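The block underneath contains the structure these notes are about, expressed in structure tokens.
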Amino acid sequence: MGWSRIVKRALRQPLTADSLATIATVNNKSQAGILRNGWATNGGSHFSMVRNFATSFSGENLSVIGVMDCYRVPSRGISVTPQNQYPMAERLADDSDMEADDDRLPGLEPTKPGEKPRVVVLGTGWAGCRFLKGLDTKIYDIVCISPRNHMVFTPLLASTCVGTLEFRSVAEPVSRIQSALAGDPNSYFYLASCSGINTDKHEVYCETVPTDGPPSDPYRFKVAYDKLVIAAGSEPMTFNINGVKEHAIFLREVHHAQEIRKKLLQNLMLSENPGISEEEKKRLLHCVVIGGGPTGVEFSGELSDFIMRCAPKRYSHVKDDIKVTLIEANEILSSFDVGLRQYATNHLTKSGVRLVRGVVKEVLPTKILLSDGTNVPFGLLVWSTGVGPSQFVKCLNLPKSPGGRIGVDEWLRVPSVEDVFALGDCAGFLELTGKQVLPALAQVAEREGKFLARLFSTIGKQNGGKAHSAKNVSLGDPFVYKHLGSMASVGRYKALVDLRQSKDAKGLSMAGFVSWFIWRSAYLTRVVSWRNRFYVAANWATTLVFGRDDSRIG
């Protein structure tokens with residue numbers, strides 16, 4: 001520990017060639033050579049290597065997880081999220097007082113003999129929450145770690161943007177999904193983000209989420225696990241197009257829907273102010289949607305329905321200037337039947353949605369530049385072009401499936417490490433399994449969560465719940481996914497229902513009012529709790545009788 005203190009004290013001072021030479025003399029030539037190589041490469045590399053050098057004297061491998069960059073220092077058993085993924089992480093990296101050994105971090109220690117095995121779940125999306133709901137709490141204790149304390153019912157999220165539903169109707173608190181998180185003495189929910197995983201020590205390292213109050217440094221803690229379930233979800237794909245993150249709004253979280261609704265109503269009211277130019281008015285009232293998948297089409301349908309039914313009554317002065325444009329590089333709803341795609345195209349066009357085939361080159365504060373040179377001014381821009389692996393998943397030192405997700409086998413295990421499972425949008429089958437990577441759909445995530453909960457019950461009943469104890473456990477049948485079909489609403493009481501099991505298979509396909517009724521009934525039954533089912537049904541009835549709520553709050 002003496003050498004570690006010496007080197008860490010040196011790290012508090014600006015690093016120079018002289019200081020590196022001094023540090024190098026305390027160890028053998030090979031370690032000094034490593035330091036010189038790190039200094040010669042670049043400032044970032046020598047900084048990470050010196051930190052590893054500092055901890056190596058005490059025998060505590062790779063302890064400075066929160067400040068290391070996973071792109072620069074590949075580490076056995078350790079995966080680190082880049083500092084810039086979370087707010088205030090750079091301040092954490094610069095503060096040497098926060099660089100204490102991970103063994104000294106506060107948190108939950110490994111379970112003791114006689115205690116129930118501990119399952120740590122990262123994420124509160126479809127997959128993670130379905131797993132939490134089905135996990136047998138008589139066998140396991142649960143620790144759920146996520147930067148949000150609720151699950152979002154994403155199929156109905158577009159409806160909240162225009163006041164058809166209220167936001168609370170699509171948000172389900174995790175403690176209601178799994179009551180053990182609120183009531184059991186050894187089960188917890190932590191509002192935090194995972195910053196690293198040590199698969200050798202069976203520990204995850206976490207960083208608390210920033211608060212809305214006075215600025216404060218986030219603190220870090222660790223949680224030991226017997227079984228780890230990674231359900232960290234995915235991130236919207238931007239294809240590295242400049243300006244997307246700065247000027248577009250995604251549609252994946254409740255706060256995204258709140259931002260869209262606030263921006264939409266703000267533009268409607270600002271456009272009526274005296275003195276505004278005609279050109280600026282048309283820009284403010286132009287809503288652009290990028291991406292012709294189910295989310296983009298459903299939002300366009302909801303928006304056009306809002307414009308046709310609500311705008312003439314409440315914004316009569318500008319009702320003729322409100323426009324909606326849907327931009328897609330290929331065909332909209334490409335996974336649906338050809339006939340359904342044509343129906344959707346015709347219906348959206350009749351509803352006033354302008355369909356444009358094009359590729360976005362750049363997004364500027366008030367306009368979009370397409371690859372053919374066209375400029376598209378906008379007042380509201382919603383980006384919905386699919387999802388991909390998050391930066392956290394990319395940085396994990398775990399095998400990857402095609403597409404960059406965490407690679408799993410037929411039982412959703414990560415084969416290169418012990419007691420680690422992955423599911424949902426962040427996981428995909430490895431090539432050696434011979435299975436294709438499943439699409440990032442809610443029904444896939446839900447079925448995987450249900451399967452894994454049953455698998456954990458099987459493991460627990462064979463006394464395999466503790467760490468390193470499931471090697472000889474019989475797992476039963478592997479996971480098999482059967483597609484149940486796809487549905488999408490296109491507005492004005494019309495929807496599409498495609499019950500084919502694959503894109504090229506034959507099956508029932510239908511569109512129209514009956515499909516809309518099926519769409520609403522199916523999603524109403526899939527809402528997690530009876531409380532939220534009541535909220536959704538009541539919101540639908542209220543909207544039907546009194547119209548949409550267009551109050552702008554905040």
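Labels for the structure tokens follow display order: chains A, B, ..., residues from 1 in each chain, ligands from 1.
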Who sits within 10 Å of Leu544 in chain A, only C-alpha atoms, same chain under 5 positions skipped, as number ranges by chain: A: 164, 538-539
For C-alpha atoms, I'd like the residues from the last selection saved as a short mmCIF file (atom, residue, chain, number, x, y, z; two decimals), in the first residue's frame.
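Now in selection.cif:
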data_model
loop_
_atom_site.label_atom_id
_atom_site.label_comp_id
_atom_site.auth_asym_id
_atom_site.auth_seq_id
_atom_site.Cartn_x
_atom_site.Cartn_y
_atom_site.Cartn_z
CA THR A 164 -54.70 11.54 -26.45
CA ALA A 538 -60.43 6.62 -19.13
CA ASN A 539 -58.12 8.82 -21.23
#
For the structure I just gave you, how does DSSP split range 396-491 of chain A - specifically, which residues are alpha helix (DSSP H)? Reply as a PyMOL selection string. chain A and resi 442-461
Kindly give the distance, in Å, that separates CA of Leu496 in chain A and CA of Ser515 in chain A, rounded to a single decimal.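 Computing the Euclidean distance for CA of Leu496 in chain A and CA of Ser515 in chain A yields 5.7 Å.
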When you look at Glu418 in chain A with a cut-off of 12 Å (counting only C-alpha atoms), what residues show up, excluding the ones that are within fewer than 5 positions of it in the same chain? I need them as a tab-separated table (two decimals) with all heavy atoms, in the first residue's frame.
chain	number	residue	atom	x	y	z
A	77	GLY	N	-11.91	-8.79	-17.29
A	77	GLY	CA	-13.00	-8.84	-16.34
A	77	GLY	C	-13.62	-7.51	-16.00
A	77	GLY	O	-14.54	-7.43	-15.22
A	198	ASN	N	-17.19	-6.00	-12.94
A	198	ASN	CA	-16.06	-6.88	-12.70
A	198	ASN	C	-16.60	-8.30	-12.61
A	198	ASN	O	-17.15	-8.71	-11.58
A	198	ASN	CB	-15.35	-6.48	-11.40
A	198	ASN	CG	-14.03	-7.24	-11.23
A	198	ASN	OD1	-13.90	-8.39	-11.65
A	198	ASN	ND2	-13.06	-6.58	-10.63
A	199	THR	N	-16.47	-9.03	-13.70
A	199	THR	CA	-17.03	-10.38	-13.73
A	199	THR	C	-16.20	-11.36	-12.92
A	199	THR	O	-16.70	-12.43	-12.57
A	199	THR	CB	-17.13	-10.87	-15.19
A	199	THR	OG1	-15.84	-10.79	-15.81
A	199	THR	CG2	-18.10	-10.01	-15.98
A	200	ASP	N	-14.93	-11.02	-12.62
A	200	ASP	CA	-14.11	-11.90	-11.78
A	200	ASP	C	-14.55	-11.81	-10.33
A	200	ASP	O	-14.64	-12.83	-9.63
A	200	ASP	CB	-12.64	-11.51	-11.90
A	200	ASP	CG	-12.08	-11.79	-13.29
A	200	ASP	OD1	-12.64	-12.67	-13.98
A	200	ASP	OD2	-11.11	-11.12	-13.69
A	201	LYS	N	-14.81	-10.59	-9.86
A	201	LYS	CA	-15.23	-10.40	-8.48
A	201	LYS	C	-16.73	-10.49	-8.29
A	201	LYS	O	-17.22	-10.40	-7.17
A	201	LYS	CB	-14.75	-9.03	-7.97
A	201	LYS	CG	-13.25	-8.89	-7.86
A	201	LYS	CD	-12.89	-7.52	-7.28
A	201	LYS	CE	-11.39	-7.36	-7.11
A	201	LYS	NZ	-11.05	-6.04	-6.54
A	202	HIS	N	-17.49	-10.61	-9.40
A	202	HIS	CA	-18.95	-10.62	-9.32
A	202	HIS	C	-19.45	-9.32	-8.68
A	202	HIS	O	-20.25	-9.32	-7.74
A	202	HIS	CB	-19.46	-11.83	-8.54
A	202	HIS	CG	-19.58	-13.07	-9.38
A	202	HIS	ND1	-18.56	-13.53	-10.17
A	202	HIS	CD2	-20.61	-13.95	-9.58
A	202	HIS	CE1	-18.93	-14.64	-10.79
A	202	HIS	NE2	-20.19	-14.91	-10.47
A	225	TYR	N	-22.97	-9.46	-6.77
A	225	TYR	CA	-24.09	-10.25	-7.29
A	225	TYR	C	-23.74	-11.74	-7.29
A	225	TYR	O	-22.57	-12.13	-7.36
A	225	TYR	CB	-24.45	-9.80	-8.70
A	225	TYR	CG	-23.39	-10.01	-9.75
A	225	TYR	CD1	-23.23	-11.24	-10.39
A	225	TYR	CD2	-22.53	-8.98	-10.12
A	225	TYR	CE1	-22.25	-11.44	-11.35
A	225	TYR	CE2	-21.56	-9.16	-11.08
A	225	TYR	CZ	-21.42	-10.39	-11.71
A	225	TYR	OH	-20.45	-10.58	-12.66
A	226	ASP	N	-24.78	-12.54	-7.20
A	226	ASP	CA	-24.65	-13.97	-7.48
A	226	ASP	C	-24.99	-14.26	-8.94
A	226	ASP	O	-24.35	-15.08	-9.59
A	226	ASP	CB	-25.58	-14.77	-6.56
A	226	ASP	CG	-25.13	-14.73	-5.12
A	226	ASP	OD1	-24.02	-15.21	-4.84
A	226	ASP	OD2	-25.88	-14.21	-4.27
A	227	LYS	N	-26.02	-13.57	-9.43
A	227	LYS	CA	-26.39	-13.65	-10.84
A	227	LYS	C	-26.61	-12.21	-11.34
A	227	LYS	O	-27.22	-11.40	-10.64
A	227	LYS	CB	-27.68	-14.46	-11.04
A	227	LYS	CG	-27.56	-15.94	-10.63
A	227	LYS	CD	-26.74	-16.71	-11.63
A	227	LYS	CE	-26.75	-18.21	-11.31
A	227	LYS	NZ	-25.97	-18.55	-10.09
A	228	LEU	N	-26.12	-11.93	-12.54
A	228	LEU	CA	-26.27	-10.59	-13.12
A	228	LEU	C	-27.08	-10.70	-14.41
A	228	LEU	O	-26.78	-11.52	-15.28
A	228	LEU	CB	-24.89	-10.00	-13.43
A	228	LEU	CG	-24.89	-8.65	-14.17
A	228	LEU	CD1	-25.53	-7.57	-13.31
A	228	LEU	CD2	-23.47	-8.24	-14.56
A	229	VAL	N	-28.10	-9.85	-14.51
A	229	VAL	CA	-28.95	-9.79	-15.71
A	229	VAL	C	-28.79	-8.40	-16.32
A	229	VAL	O	-29.18	-7.40	-15.70
A	229	VAL	CB	-30.42	-10.07	-15.37
A	229	VAL	CG1	-31.29	-9.92	-16.61
A	229	VAL	CG2	-30.58	-11.47	-14.79
A	398	LEU	N	-17.20	-7.94	-23.33
A	398	LEU	CA	-17.95	-9.19	-23.47
A	398	LEU	C	-18.07	-9.51	-24.96
A	398	LEU	O	-17.96	-8.61	-25.80
A	398	LEU	CB	-19.34	-9.06	-22.86
A	398	LEU	CG	-19.41	-8.79	-21.34
A	398	LEU	CD1	-20.84	-8.51	-20.91
A	398	LEU	CD2	-18.84	-9.96	-20.56
A	413	ARG	N	-27.42	-16.82	-21.82
A	413	ARG	CA	-26.21	-16.67	-21.01
A	413	ARG	C	-25.11	-16.01	-21.85
A	413	ARG	O	-25.01	-16.26	-23.06
A	413	ARG	CB	-25.71	-18.03	-20.52
A	413	ARG	CG	-26.69	-18.79	-19.65
A	413	ARG	CD	-26.15	-20.17	-19.31
A	413	ARG	NE	-25.93	-20.97	-20.52
A	413	ARG	CZ	-25.47	-22.21	-20.53
A	413	ARG	NH1	-25.16	-22.80	-19.38
A	413	ARG	NH2	-25.31	-22.86	-21.66
A	465	GLY	N	-28.44	-21.07	-7.47
A	465	GLY	CA	-28.61	-19.63	-7.46
A	465	GLY	C	-27.39	-18.86	-7.01
A	465	GLY	O	-27.18	-17.72	-7.42
A	466	LYS	N	-26.57	-19.45	-6.16
A	466	LYS	CA	-25.38	-18.76	-5.66
A	466	LYS	C	-24.33	-18.64	-6.77
A	466	LYS	O	-24.36	-19.36	-7.78
A	466	LYS	CB	-24.79	-19.53	-4.48
A	466	LYS	CG	-25.61	-19.44	-3.20
A	466	LYS	CD	-25.45	-18.08	-2.53
A	466	LYS	CE	-26.09	-18.07	-1.15
A	466	LYS	NZ	-25.88	-16.79	-0.45
A	467	ALA	N	-23.38	-17.74	-6.57
A	467	ALA	CA	-22.31	-17.55	-7.53
A	467	ALA	C	-21.49	-18.83	-7.68
A	467	ALA	O	-21.25	-19.55	-6.70
A	467	ALA	CB	-21.42	-16.39	-7.10
A	468	HIS	N	-21.09	-19.13	-8.90
A	468	HIS	CA	-20.23	-20.28	-9.23
A	468	HIS	C	-20.86	-21.62	-8.88
A	468	HIS	O	-20.15	-22.60	-8.67
A	468	HIS	CB	-18.88	-20.18	-8.51
A	468	HIS	CG	-18.20	-18.85	-8.65
A	468	HIS	ND1	-17.67	-18.40	-9.84
A	468	HIS	CD2	-17.98	-17.85	-7.74
A	468	HIS	CE1	-17.14	-17.20	-9.67
A	468	HIS	NE2	-17.33	-16.83	-8.41
A	469	SER	N	-22.18	-21.70	-8.84
A	469	SER	CA	-22.81	-22.95	-8.41
A	469	SER	C	-23.76	-23.54	-9.45
A	469	SER	O	-24.48	-24.49	-9.15
A	469	SER	CB	-23.59	-22.73	-7.10
A	469	SER	OG	-24.64	-21.81	-7.30
A	470	ALA	N	-23.78	-22.99	-10.66
A	470	ALA	CA	-24.75	-23.45	-11.66
A	470	ALA	C	-24.11	-24.22	-12.81
A	470	ALA	O	-24.74	-24.41	-13.85
A	470	ALA	CB	-25.52	-22.25	-12.22
A	471	LYS	N	-22.89	-24.68	-12.62
A	471	LYS	CA	-22.19	-25.34	-13.73
A	471	LYS	C	-22.85	-26.65	-14.13
A	471	LYS	O	-22.89	-27.00	-15.31
A	471	LYS	CB	-20.73	-25.57	-13.34
A	471	LYS	CG	-19.93	-24.29	-13.18
A	471	LYS	CD	-18.49	-24.59	-12.82
A	471	LYS	CE	-17.68	-23.30	-12.69
A	471	LYS	NZ	-16.26	-23.56	-12.32
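The smallest atom-to-atom distance between Gly352 in chain A and any of A:Arg405, A:Lys313, A:Lys282, A:Arg492, using only C-alpha atoms, is found for A:Arg492.
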